[in-house]
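Peer 1: My questions all concern the structure below.
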Amino acid sequence: MNAPARATRSRYVAPIPAFADAFTAARSSLPGKEAPAIQDWRQLHFDRFLETGLPTPRVEQWKYTNIARAANVPMALATRPNVGLGDVQRYFTGGPLARRLIFVNGHLASELSHVRGLPQGVRVESLGKLLQDEPEWSARALGGPAEPHSFADLNAAFLQSGAWIELGDGAVLEHPLQLLFLTVGQPAAVMAHPRIVVRLGKEARLHLIETHIGLAPGHCLTNLVGHYELGEKARLTHDRLQLGSAGTSFVGLNRQRLAERAELKQTLATLGGALVRNETDLHLVGSFVEAQLNGVYMPIGEEHVDNVIRIHHEAPDGHSDQFYKGVMDDRAHAAFAGKIIVHQDAQRTNAFQRNDNLLLSDDAEISSKPELEIYADDVKCSHGATCGELDRTALFYLRSRGLDRAQAESILTFAFAAEVIERFVDPAVRKLARECLVARTPGGAGLSDLL
Amino acid sequence: MLKITDLHVAVDGGSKPVLKGLTLEVKPGEVHAIMGPNGSGKSTLSYVLAGRDGYAVTGGSVRFQDADLLELEPEERAAAGIFLAMQYPVEIPGVANNYFLRQSLNALRRARGEPEVSAAEFIKKLKAVAERVGVDPELLKRDVNAGFSGGEKKRNEILQMVMLEPKLCVLDETDSGLDIDALKTVADGVNSLRSPDRGMIVITHYQRLLDYIVPDFVHILADGRIRKTGGKELALALEEQGYEHLLGEAA
Ligand SMILES: Nc1ncnc2c1ncn2[C@@H]1O[C@H](COP(=O)(O)OP(=O)(O)O)[C@@H](O)[C@H]1O
Ligand SMILES: [Mg+2]
């Protein structure tokens, strides 16, 4: 091994041999198994994963999550347990006309999915099917390796399924498209590697709902990669809800590139999962882009949530807005690291970031780290992070109207987090999130009227 | 029903005396107006009655219907029948106005051993009261006071007050920021609560409000004490002559 690689080894750990075993075992069953183009594509990424290794907290981006400890364990590729319509219907969102792809432990459940009758210019395909049926095209379309990323590389090596969503110029999908990922935990540790690719042409419009639901506790690591390309004046509304169950973990990397006057409105709620890490790498490559990222996390027990966001303002007149809130109870730990990079050409950039946190227990913890890197001179940037307790004035106001302290505290805790939930565009997502929020709020039983 | 005797209150962790021997008695059915210069301690008095923390009582007593009011938590005071319409109503993003009001009505009912109101009953009453006090029905669905105009916030306070039917109403500068039409609507709402078993303390800067809510007594609060008491004509005299002149005479 050459010298630079060895130098990084001190901050990365070598993957245990179980990964190579799993890769060898999976190769013969993964989609595209007969096609050299896909085989090579997988191998390339897997080799790079082996070379890079798994990051320790000494790697800046992974400072708050010891992923090497959590993920450098023997994991087989998850199998697909039986899940019926009755188990999943309550997680259907987007209204009666929504289309839906459903995945169970990383496998497409086509009998539960429905993506027929799409309008002109809209293509929604199972990624697994594409890898199998059009391997050469897929290998080209998915692209060669970008910069190394342990989990993105691992995802490519094991890529099983996911969604390929493409809207041509001017194409509009009137009703939401839901990607429903179900995790059924298993006694032995397993992993799943789905991917979402979204390409919106000029002036295309899409409302994407991405829900991750834990149906049963157990050890399952979902390693998701998302690639989003928004063309000129394209609009993406992206509602993301994470309701993992005990023991299930999630590692996600979203890369988004927005062309001129494109608009992104993303709202993300993390309301369950032993370890959840959401990494976002957002590039405003065209001018006059509008990007709004809303997020809320509410870990309880020993749960751990980590949000890492990098926003690159690469063109002038862009506007980005991050609004993240967290409520930590018990011994939970959450982290928020948001970095705004304003390139030299990105004059008249407006970039805002807020991260407000509420600690409900002495043993809960939050690490909040805002960062600004500005190379242009005519910009408006601001960031603010707070961490504290409930607003005393509001508490007094509620109590002066007769609510007792516990009830007032519950209501204010709920309201604190609900401010982000309200930003979900789809009412059914909002409702699911509110239910989960109530369940996580101390004294939440008394809040049932809120649902 | 309310008996304040020689009340001393300090703020800033107890280091700054604001009320210095205030005595006041409100009997059932009476409406007392309290006027006074800015910073004289009017809001402080209202907060001490409602039980807000940060106001240290360093002397004196407050009795409300045979209870030691100062011993009670804010919610216990509300249950006992005290309502404060605040000078600066608090915005509570994330909590819907109608939800909040129903929770608070039911909390008070529970505390008083009364049955809770049904959703239907509540909505019917809420609609009627909202119309009476001029609160736009849309505001009922919005978050409590969040993004309301100054006038809308004041009316929302009166809406709560009429809904909760307290025994002692304390209104802290409810009139400031209201135009004349809004003032009349708000006064109508307040007057609808006037009854032989209910007391009121109306804190105001302007005589104007007292044309519509006619008080039985007018008190002038200055230097932390009630410096002068009279009938409604005292408010008119104050308007004409100003505090300095009036209080100079008294001194
Ligand atoms: N919570 C507080 N902390 C510190 N000072 C206060 C507080 N509340 C009131 N004060 C001070 O006490 C005095 C009386 O205030 P206030 O009761 O609001 O007067 P008024 O309502 O008559 O204008 C003022 O000097 C004000 O600055
Ligand atoms: Mg005042």
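Please note that chains go A, B, ... in the order of the structure tokens, that every chain numbers its residues from 1, and that ligands are numbered from 1 in the order shown.
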Please identify every residue of chain B that has at least one atom no more than 10 Å from any atom of chain A, counting only C-alpha atoms, and report them as a VMD selection string.
Peer 2: chain B and resid 47 50 to 53 73 to 86 89 to 96 99 to 111 143 160 to 161 164
Peer 1: Please dump the current selection as a CSV table (one decimal), in the first residue's frame; keep N, CA and C atoms.
Peer 2:
chain,number,residue,atom,x,y,z
B,47,TYR,N,-48.7,40.7,37.3
B,47,TYR,CA,-47.9,39.5,37.2
B,47,TYR,C,-47.9,38.8,38.6
B,50,ALA,N,-51.0,37.0,39.1
B,50,ALA,CA,-51.1,35.8,38.3
B,50,ALA,C,-50.1,34.7,38.6
B,51,GLY,N,-49.0,35.1,39.3
B,51,GLY,CA,-48.0,34.2,39.8
B,51,GLY,C,-46.8,33.9,38.9
B,52,ARG,N,-46.5,34.9,38.2
B,52,ARG,CA,-45.3,34.8,37.3
B,52,ARG,C,-44.0,34.8,38.2
B,53,ASP,N,-43.0,34.0,37.8
B,53,ASP,CA,-41.8,34.0,38.6
B,53,ASP,C,-40.9,35.2,38.2
B,73,GLU,N,-49.7,28.1,42.9
B,73,GLU,CA,-49.1,28.0,41.6
B,73,GLU,C,-50.0,28.8,40.6
B,74,PRO,N,-49.4,29.2,39.5
B,74,PRO,CA,-50.2,30.0,38.5
B,74,PRO,C,-51.5,29.2,38.1
B,75,GLU,N,-51.4,27.9,37.9
B,75,GLU,CA,-52.5,27.1,37.4
B,75,GLU,C,-53.6,27.0,38.6
B,76,GLU,N,-53.1,27.1,39.8
B,76,GLU,CA,-54.1,27.0,40.9
B,76,GLU,C,-54.8,28.4,41.0
B,77,ARG,N,-54.1,29.4,40.7
B,77,ARG,CA,-54.8,30.7,40.7
B,77,ARG,C,-55.8,30.8,39.6
B,78,ALA,N,-55.4,30.3,38.5
B,78,ALA,CA,-56.4,30.2,37.4
B,78,ALA,C,-57.6,29.5,37.8
B,79,ALA,N,-57.4,28.3,38.4
B,79,ALA,CA,-58.5,27.5,38.9
B,79,ALA,C,-59.4,28.2,39.9
B,80,ALA,N,-58.7,29.0,40.7
B,80,ALA,CA,-59.4,29.8,41.7
B,80,ALA,C,-60.2,30.9,41.1
B,81,GLY,N,-59.9,31.2,39.9
B,81,GLY,CA,-60.7,32.2,39.2
B,81,GLY,C,-60.0,33.5,38.8
B,82,ILE,N,-58.7,33.5,38.8
B,82,ILE,CA,-58.0,34.7,38.4
B,82,ILE,C,-57.6,34.6,36.9
B,83,PHE,N,-57.8,35.7,36.2
B,83,PHE,CA,-57.4,35.7,34.8
B,83,PHE,C,-56.7,37.0,34.5
B,84,LEU,N,-55.5,36.9,33.9
B,84,LEU,CA,-54.8,38.1,33.5
B,84,LEU,C,-54.7,38.2,32.0
B,85,ALA,N,-55.3,39.3,31.5
B,85,ALA,CA,-55.2,39.6,30.0
B,85,ALA,C,-53.9,40.4,29.9
B,86,MET,N,-52.9,39.8,29.3
B,86,MET,CA,-51.6,40.4,29.4
B,86,MET,C,-51.3,41.6,28.5
B,89,PRO,N,-49.3,39.8,25.1
B,89,PRO,CA,-49.7,38.3,25.0
B,89,PRO,C,-48.6,37.5,24.3
B,90,VAL,N,-48.4,36.3,24.8
B,90,VAL,CA,-47.2,35.5,24.4
B,90,VAL,C,-47.6,34.7,23.1
B,91,GLU,N,-46.6,34.7,22.2
B,91,GLU,CA,-46.8,33.9,21.0
B,91,GLU,C,-46.4,32.5,21.3
B,92,ILE,N,-47.2,31.5,20.9
B,92,ILE,CA,-46.8,30.1,21.1
B,92,ILE,C,-46.9,29.3,19.8
B,93,PRO,N,-45.9,29.4,19.0
B,93,PRO,CA,-45.9,28.7,17.7
B,93,PRO,C,-46.0,27.2,17.9
B,94,GLY,N,-46.8,26.6,17.1
B,94,GLY,CA,-47.0,25.1,17.2
B,94,GLY,C,-48.2,24.7,18.0
B,95,VAL,N,-48.8,25.7,18.7
B,95,VAL,CA,-50.0,25.3,19.5
B,95,VAL,C,-51.2,26.1,18.9
B,96,ALA,N,-52.2,25.3,18.4
B,96,ALA,CA,-53.3,26.0,17.8
B,96,ALA,C,-54.2,26.7,18.9
B,99,TYR,N,-57.2,24.7,20.1
B,99,TYR,CA,-56.8,23.5,20.9
B,99,TYR,C,-56.4,24.0,22.3
B,100,PHE,N,-55.6,25.0,22.4
B,100,PHE,CA,-55.1,25.6,23.6
B,100,PHE,C,-56.3,26.0,24.5
B,101,LEU,N,-57.2,26.7,23.9
B,101,LEU,CA,-58.4,27.2,24.7
B,101,LEU,C,-59.2,26.1,25.3
B,102,ARG,N,-59.4,25.0,24.5
B,102,ARG,CA,-60.2,23.9,24.9
B,102,ARG,C,-59.4,23.2,26.1
B,103,GLN,N,-58.1,23.0,25.9
B,103,GLN,CA,-57.3,22.4,27.0
B,103,GLN,C,-57.4,23.2,28.3
B,104,SER,N,-57.4,24.5,28.1
B,104,SER,CA,-57.4,25.3,29.3
B,104,SER,C,-58.7,25.3,30.0
B,105,LEU,N,-59.8,25.4,29.1
B,105,LEU,CA,-61.1,25.3,29.7
B,105,LEU,C,-61.4,24.0,30.5
B,106,ASN,N,-60.9,22.9,29.9
B,106,ASN,CA,-61.1,21.6,30.5
B,106,ASN,C,-60.2,21.5,31.7
B,107,ALA,N,-59.0,22.0,31.7
B,107,ALA,CA,-58.2,21.9,32.9
B,107,ALA,C,-58.8,22.7,34.0
B,108,LEU,N,-59.4,23.8,33.8
B,108,LEU,CA,-60.0,24.6,34.8
B,108,LEU,C,-61.3,23.8,35.3
B,109,ARG,N,-62.0,23.2,34.4
B,109,ARG,CA,-63.2,22.5,34.9
B,109,ARG,C,-62.8,21.3,35.7
B,110,ARG,N,-61.7,20.6,35.3
B,110,ARG,CA,-61.3,19.4,36.1
B,110,ARG,C,-60.9,19.9,37.5
B,111,ALA,N,-60.1,21.0,37.5
B,111,ALA,CA,-59.6,21.5,38.8
B,111,ALA,C,-60.8,21.9,39.7
B,143,ASP,N,-51.8,29.3,15.2
B,143,ASP,CA,-51.1,29.1,16.4
B,143,ASP,C,-51.3,30.3,17.3
B,160,GLN,N,-60.2,34.7,25.3
B,160,GLN,CA,-59.9,33.7,26.3
B,160,GLN,C,-60.7,34.0,27.6
B,161,MET,N,-60.6,35.3,28.0
B,161,MET,CA,-61.2,35.7,29.3
B,161,MET,C,-62.7,35.4,29.3
B,164,LEU,N,-63.3,31.6,29.5
B,164,LEU,CA,-63.0,31.0,30.8
B,164,LEU,C,-63.8,31.5,32.0
Peer 1: Counting only C-alpha atoms and all ligand atoms, which protein, DNA or RNA residues come within 7 Å of ligand 2, given as a list in words?
Peer 2: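 Result of the 7 Å neighbour search around ligand 2: Asn38, Gly39, Gly41, Lys42, Ser43, Gln87, Asp172 and Glu173 of chain B.
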Peer 1: Contacts of region 13-27 of chain B at 8 Å or less, counting only C-alpha atoms, minus same-chain residues fewer than 4 places along, as a compact mmCIF listing (two decimals) with all heavy atoms, in the first residue's frame?
Peer 2:
# COMPACT_ATOMS: atom_id res chain seq x y z
N MET B 1 -63.28 40.26 47.69
CA MET B 1 -62.79 39.00 47.12
C MET B 1 -61.27 39.01 46.99
O MET B 1 -60.62 38.01 47.18
CB MET B 1 -63.47 38.70 45.78
CG MET B 1 -62.99 39.55 44.61
SD MET B 1 -63.99 39.36 43.10
CE MET B 1 -64.28 37.61 43.04
N LEU B 2 -60.72 40.20 46.70
CA LEU B 2 -59.26 40.34 46.62
C LEU B 2 -58.83 41.40 47.61
O LEU B 2 -59.38 42.51 47.62
CB LEU B 2 -58.83 40.76 45.22
CG LEU B 2 -57.32 40.98 45.05
CD1 LEU B 2 -56.57 39.66 45.00
CD2 LEU B 2 -57.02 41.81 43.80
N LYS B 3 -57.85 41.04 48.45
CA LYS B 3 -57.39 42.01 49.44
C LYS B 3 -55.86 42.05 49.43
O LYS B 3 -55.21 41.11 49.84
CB LYS B 3 -57.90 41.57 50.83
CG LYS B 3 -58.00 42.70 51.84
CD LYS B 3 -58.86 42.24 53.02
CE LYS B 3 -59.24 43.36 53.97
NZ LYS B 3 -58.20 44.14 54.57
N ILE B 4 -55.36 43.16 48.90
CA ILE B 4 -53.91 43.34 48.85
C ILE B 4 -53.52 44.29 49.96
O ILE B 4 -54.07 45.40 50.05
CB ILE B 4 -53.47 43.95 47.49
CG1 ILE B 4 -54.01 43.11 46.32
CG2 ILE B 4 -51.96 44.08 47.42
CD1 ILE B 4 -53.77 43.72 44.96
N THR B 5 -52.61 43.85 50.81
CA THR B 5 -52.26 44.67 51.95
C THR B 5 -50.76 44.93 52.01
O THR B 5 -49.96 43.99 52.08
CB THR B 5 -52.70 43.98 53.26
OG1 THR B 5 -54.05 43.54 53.11
CG2 THR B 5 -52.62 44.93 54.45
N ASP B 6 -50.40 46.19 51.92
CA ASP B 6 -49.02 46.63 52.11
C ASP B 6 -48.02 45.78 51.32
O ASP B 6 -47.00 45.33 51.83
CB ASP B 6 -48.68 46.57 53.62
CG ASP B 6 -47.39 47.35 53.92
OD1 ASP B 6 -47.07 48.31 53.17
OD2 ASP B 6 -46.69 46.97 54.88
N LEU B 7 -48.33 45.59 50.04
CA LEU B 7 -47.55 44.68 49.20
C LEU B 7 -46.24 45.32 48.75
O LEU B 7 -46.22 46.43 48.21
CB LEU B 7 -48.38 44.26 47.98
CG LEU B 7 -47.73 43.26 47.01
CD1 LEU B 7 -47.55 41.91 47.68
CD2 LEU B 7 -48.58 43.11 45.75
N HIS B 8 -45.15 44.60 49.00
CA HIS B 8 -43.82 45.01 48.52
C HIS B 8 -43.30 43.97 47.54
O HIS B 8 -43.28 42.79 47.85
CB HIS B 8 -42.83 45.14 49.69
CG HIS B 8 -43.11 46.31 50.56
ND1 HIS B 8 -44.20 46.38 51.39
CD2 HIS B 8 -42.44 47.49 50.73
CE1 HIS B 8 -44.20 47.53 52.04
NE2 HIS B 8 -43.13 48.23 51.65
N VAL B 9 -42.88 44.44 46.37
CA VAL B 9 -42.38 43.51 45.36
C VAL B 9 -41.10 44.07 44.75
O VAL B 9 -40.99 45.28 44.50
CB VAL B 9 -43.42 43.30 44.23
CG1 VAL B 9 -42.84 42.42 43.11
CG2 VAL B 9 -44.68 42.65 44.78
N VAL B 31 -65.55 47.30 39.67
CA VAL B 31 -64.54 47.48 38.64
C VAL B 31 -63.59 48.57 39.08
O VAL B 31 -64.00 49.70 39.35
CB VAL B 31 -65.18 47.86 37.29
CG1 VAL B 31 -64.09 48.16 36.26
CG2 VAL B 31 -66.08 46.75 36.78
N HIS B 32 -62.32 48.18 39.23
CA HIS B 32 -61.29 49.13 39.65
C HIS B 32 -60.36 49.45 38.48
O HIS B 32 -59.83 48.54 37.86
CB HIS B 32 -60.45 48.54 40.80
CG HIS B 32 -61.21 48.39 42.07
ND1 HIS B 32 -60.94 49.13 43.20
CD2 HIS B 32 -62.27 47.59 42.38
CE1 HIS B 32 -61.80 48.78 44.17
NE2 HIS B 32 -62.60 47.84 43.70
N SER B 40 -44.38 52.46 36.56
CA SER B 40 -44.77 52.63 37.97
C SER B 40 -45.07 51.30 38.64
O SER B 40 -45.23 51.24 39.86
CB SER B 40 -45.98 53.56 38.05
OG SER B 40 -47.05 53.05 37.28
N GLY B 41 -45.16 50.23 37.88
CA GLY B 41 -45.35 48.92 38.50
C GLY B 41 -46.70 48.30 38.24
O GLY B 41 -47.08 47.33 38.90
N THR B 44 -46.23 44.83 36.92
CA THR B 44 -45.68 44.05 38.04
C THR B 44 -46.81 43.56 38.94
O THR B 44 -46.86 42.38 39.31
CB THR B 44 -44.67 44.90 38.83
OG1 THR B 44 -43.61 45.26 37.95
CG2 THR B 44 -44.13 44.14 40.02
N LEU B 45 -47.72 44.46 39.26
CA LEU B 45 -48.86 44.07 40.10
C LEU B 45 -49.65 42.95 39.43
O LEU B 45 -49.99 41.95 40.07
CB LEU B 45 -49.76 45.29 40.34
CG LEU B 45 -51.08 44.99 41.05
CD1 LEU B 45 -50.83 44.45 42.46
CD2 LEU B 45 -51.98 46.23 41.10
N GLY B 54 -39.98 35.51 39.03
CA GLY B 54 -39.13 36.67 38.77
C GLY B 54 -39.61 37.91 39.52
O GLY B 54 -38.97 38.95 39.47
N TYR B 55 -40.74 37.80 40.22
CA TYR B 55 -41.25 38.92 41.00
C TYR B 55 -41.26 38.51 42.47
O TYR B 55 -42.09 37.72 42.90
CB TYR B 55 -42.65 39.33 40.52
CG TYR B 55 -42.61 39.84 39.11
CD1 TYR B 55 -42.66 38.97 38.02
CD2 TYR B 55 -42.46 41.21 38.85
CE1 TYR B 55 -42.57 39.43 36.72
CE2 TYR B 55 -42.37 41.69 37.56
CZ TYR B 55 -42.42 40.79 36.50
OH TYR B 55 -42.32 41.26 35.21
N ALA B 56 -40.30 39.03 43.21
CA ALA B 56 -40.14 38.60 44.60
C ALA B 56 -41.00 39.47 45.52
O ALA B 56 -40.84 40.69 45.57
CB ALA B 56 -38.67 38.70 45.00
N THR B 58 -41.55 40.84 48.84
CA THR B 58 -40.69 41.05 50.00
C THR B 58 -41.47 41.50 51.22
O THR B 58 -40.91 41.66 52.30
CB THR B 58 -39.59 42.08 49.67
OG1 THR B 58 -40.21 43.25 49.12
CG2 THR B 58 -38.61 41.53 48.65
N GLY B 59 -42.77 41.71 51.05
CA GLY B 59 -43.57 42.08 52.22
C GLY B 59 -45.03 42.20 51.85
O GLY B 59 -45.38 42.31 50.68
N GLY B 60 -45.89 42.13 52.86
CA GLY B 60 -47.31 42.29 52.63
C GLY B 60 -48.00 40.99 52.29
O GLY B 60 -47.39 39.92 52.33
N GLY B 199 -65.20 40.45 40.01
CA GLY B 199 -64.44 41.69 40.17
C GLY B 199 -63.53 41.93 38.98
O GLY B 199 -63.20 41.00 38.25
N MET B 200 -63.15 43.21 38.80
CA MET B 200 -62.26 43.52 37.67
C MET B 200 -61.24 44.58 38.06
O MET B 200 -61.55 45.52 38.78
CB MET B 200 -63.07 44.07 36.49
CG MET B 200 -63.94 43.05 35.83
SD MET B 200 -64.53 43.63 34.24
CE MET B 200 -65.66 42.31 33.84
N ASP B 223 -44.81 55.56 42.24
CA ASP B 223 -43.79 55.25 43.25
C ASP B 223 -44.13 53.99 44.03
O ASP B 223 -43.87 53.89 45.24
CB ASP B 223 -43.64 56.41 44.24
CG ASP B 223 -43.05 57.63 43.56
OD1 ASP B 223 -42.33 57.45 42.56
OD2 ASP B 223 -43.34 58.76 44.00
N GLY B 224 -44.77 53.03 43.38
CA GLY B 224 -44.99 51.74 44.02
C GLY B 224 -46.15 51.69 44.99
O GLY B 224 -46.30 50.71 45.71
N ARG B 225 -46.93 52.78 45.02
CA ARG B 225 -48.09 52.75 45.93
C ARG B 225 -49.29 53.38 45.23
O ARG B 225 -49.15 54.13 44.27
CB ARG B 225 -47.79 53.54 47.21
CG ARG B 225 -46.96 52.77 48.23
CD ARG B 225 -46.68 53.62 49.45
NE ARG B 225 -45.82 54.75 49.12
CZ ARG B 225 -46.06 56.01 49.50
NH1 ARG B 225 -47.13 56.28 50.23
NH2 ARG B 225 -45.25 56.97 49.16
N ILE B 226 -50.49 53.10 45.78
CA ILE B 226 -51.68 53.81 45.31
C ILE B 226 -51.62 55.20 45.93
O ILE B 226 -51.68 55.36 47.15
CB ILE B 226 -52.97 53.09 45.77
CG1 ILE B 226 -53.01 51.65 45.26
CG2 ILE B 226 -54.19 53.89 45.33
CD1 ILE B 226 -53.27 51.46 43.81
Peer 1: Rounded to one decimal, what separation in Å do you get between CA of Leu180 (chain A) and CA of Glu210 (chain A)?
Peer 2: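 Result for CA of Leu180 (chain A) versus CA of Glu210 (chain A): 6.1 Å, one decimal.
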Peer 1: Compile the contact shell of Ala141 (chain A) as a list in words: residues with an atom at most 12 Å away, counting only C-alpha atoms, same-chain residues fewer than 6 positions apart removed.
Peer 2: Ala37, Ile38, Trp41, Leu127, Leu130, Leu131, Glu134, Pro135, Trp164, Glu166, Val197, Val198, Arg199 and His227 of chain A
Peer 1: What does the structure give for the distance between CA of Gly218 (chain A) and CA of Phe19 (chain A), in Å to one decimal?
Peer 2: 19.7 Å
Peer 1: Write out as a ChimeraX atom specification the set of residues from region 153-274 of chain A that DSSP, computed on the backbone, places in helix (DSSP H, G or I).
Peer 2: /A:153-158
Peer 1: Take the selection from the previous step and output its residues with all heavy atoms, as an mmCIF file, in the first residue's frame.
Peer 2:
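Saved result, selection-v1.cif, follows:
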data_model
loop_
_atom_site.group_PDB
_atom_site.id
_atom_site.type_symbol
_atom_site.label_atom_id
_atom_site.label_comp_id
_atom_site.auth_asym_id
_atom_site.auth_seq_id
_atom_site.Cartn_x
_atom_site.Cartn_y
_atom_site.Cartn_z
ATOM 1 N N ASP A 153 -19.536 3.993 -1.606
ATOM 2 C CA ASP A 153 -18.850 2.914 -2.320
ATOM 3 C C ASP A 153 -19.433 1.551 -1.948
ATOM 4 O O ASP A 153 -19.644 0.696 -2.804
ATOM 5 C CB ASP A 153 -17.345 2.941 -2.011
ATOM 6 C CG ASP A 153 -16.649 4.107 -2.717
ATOM 7 O OD1 ASP A 153 -17.156 4.538 -3.774
ATOM 8 O OD2 ASP A 153 -15.614 4.586 -2.214
ATOM 9 N N LEU A 154 -19.701 1.392 -0.682
ATOM 10 C CA LEU A 154 -20.285 0.133 -0.215
ATOM 11 C C LEU A 154 -21.664 -0.064 -0.843
ATOM 12 O O LEU A 154 -22.043 -1.168 -1.238
ATOM 13 C CB LEU A 154 -20.390 0.173 1.313
ATOM 14 C CG LEU A 154 -20.607 -1.146 2.036
ATOM 15 C CD1 LEU A 154 -19.443 -2.103 1.781
ATOM 16 C CD2 LEU A 154 -20.759 -0.900 3.545
ATOM 17 N N ASN A 155 -22.392 1.049 -0.936
ATOM 18 C CA ASN A 155 -23.722 0.998 -1.545
ATOM 19 C C ASN A 155 -23.629 0.527 -2.998
ATOM 20 O O ASN A 155 -24.406 -0.317 -3.442
ATOM 21 C CB ASN A 155 -24.389 2.377 -1.458
ATOM 22 C CG ASN A 155 -25.726 2.446 -2.187
ATOM 23 O OD1 ASN A 155 -25.756 2.547 -3.402
ATOM 24 N ND2 ASN A 155 -26.821 2.376 -1.432
ATOM 25 N N ALA A 156 -22.646 1.056 -3.734
ATOM 26 C CA ALA A 156 -22.498 0.657 -5.143
ATOM 27 C C ALA A 156 -22.148 -0.824 -5.237
ATOM 28 O O ALA A 156 -22.680 -1.561 -6.077
ATOM 29 C CB ALA A 156 -21.435 1.505 -5.815
ATOM 30 N N ALA A 157 -21.264 -1.273 -4.347
ATOM 31 C CA ALA A 157 -20.844 -2.667 -4.388
ATOM 32 C C ALA A 157 -22.027 -3.611 -4.186
ATOM 33 O O ALA A 157 -22.155 -4.614 -4.874
ATOM 34 C CB ALA A 157 -19.780 -2.915 -3.323
ATOM 35 N N PHE A 158 -22.898 -3.263 -3.257
ATOM 36 C CA PHE A 158 -24.002 -4.159 -2.892
ATOM 37 C C PHE A 158 -25.343 -3.720 -3.464
ATOM 38 O O PHE A 158 -26.376 -4.271 -3.094
ATOM 39 C CB PHE A 158 -24.125 -4.240 -1.371
ATOM 40 C CG PHE A 158 -23.047 -5.066 -0.722
ATOM 41 C CD1 PHE A 158 -21.890 -4.471 -0.224
ATOM 42 C CD2 PHE A 158 -23.196 -6.449 -0.605
ATOM 43 C CE1 PHE A 158 -20.905 -5.233 0.389
ATOM 44 C CE2 PHE A 158 -22.212 -7.215 0.012
ATOM 45 C CZ PHE A 158 -21.061 -6.617 0.504
#
Peer 1: Please provide as a list of chain:residue names all residues within 9 Å of Gly230 (chain B), with the sequence filter that same-chain residues fewer than 5 positions apart are discarded (counting only C-alpha atoms).
Peer 2: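 The filter keeps B:Asp216, B:Phe217, B:Val218, B:His219, B:Ile220, B:Ala235.
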Peer 1: Would you put the residues from that selection into a file with N, CA, C and O atoms, as a short mmCIF file (atom, residue, chain, number, x, y, z; two decimals), in the first residue's frame?
Peer 2:
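Here's the written file result07.cif:
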data_model
loop_
_atom_site.label_atom_id
_atom_site.label_comp_id
_atom_site.auth_asym_id
_atom_site.auth_seq_id
_atom_site.Cartn_x
_atom_site.Cartn_y
_atom_site.Cartn_z
N ASP B 216 -65.89 51.65 38.92
CA ASP B 216 -66.44 52.15 40.19
C ASP B 216 -65.40 52.97 40.92
O ASP B 216 -65.72 53.92 41.62
N PHE B 217 -64.13 52.58 40.74
CA PHE B 217 -63.03 53.30 41.40
C PHE B 217 -61.89 53.52 40.43
O PHE B 217 -61.65 52.68 39.56
N VAL B 218 -61.21 54.64 40.59
CA VAL B 218 -60.00 54.87 39.82
C VAL B 218 -58.86 55.11 40.81
O VAL B 218 -59.00 55.90 41.75
N HIS B 219 -57.75 54.34 40.61
CA HIS B 219 -56.59 54.51 41.49
C HIS B 219 -55.41 55.01 40.67
O HIS B 219 -55.24 54.59 39.52
N ILE B 220 -54.62 55.85 41.27
CA ILE B 220 -53.40 56.26 40.60
C ILE B 220 -52.22 55.62 41.31
O ILE B 220 -52.03 55.78 42.52
N ALA B 235 -60.26 59.91 36.55
CA ALA B 235 -59.61 59.61 35.27
C ALA B 235 -59.68 60.83 34.36
O ALA B 235 -58.72 61.17 33.66
#
Peer 1: Can you measure CA of Val308 (chain A) to CA of Val59 (chain A) for me? One decimal in Å is fine.
Peer 2: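 Straight-line distance from CA of Val308 (chain A) to CA of Val59 (chain A) works out to 12.7 Å.
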Peer 1: Considering only C-alpha atoms, state which residue in the set B:Ala182, B:Leu49, B:Leu209, B:Leu193 is at the smallest distance from Arg155 (chain B).
Peer 2: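 Closest to Arg155 (chain B) of all the choices is B:Ala182.
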Peer 1: Which residue gives the smallest distance to Gly36 (chain B) among B:Ala130, B:Leu183, B:Leu246, B:Ile213, with only C-alpha atoms counted?
Peer 2: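 Using only C-alpha atoms, the shortest distance to Gly36 (chain B) belongs to B:Leu246.
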Peer 1: Nearest to Lys228 (chain B): which of B:Ala33, B:Leu247, B:Leu210, B:Leu178 is it, counting only C-alpha atoms?
Peer 2: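 For Lys228 (chain B), the nearest of the given residues is B:Leu247.
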Peer 1: Residues at most 10 Å from Arg58 (chain A), counting only C-alpha atoms, excluding those fewer than 6 positions away in the same chain, as a ChimeraX atom specification?
Peer 2: /A:10-12,64-66
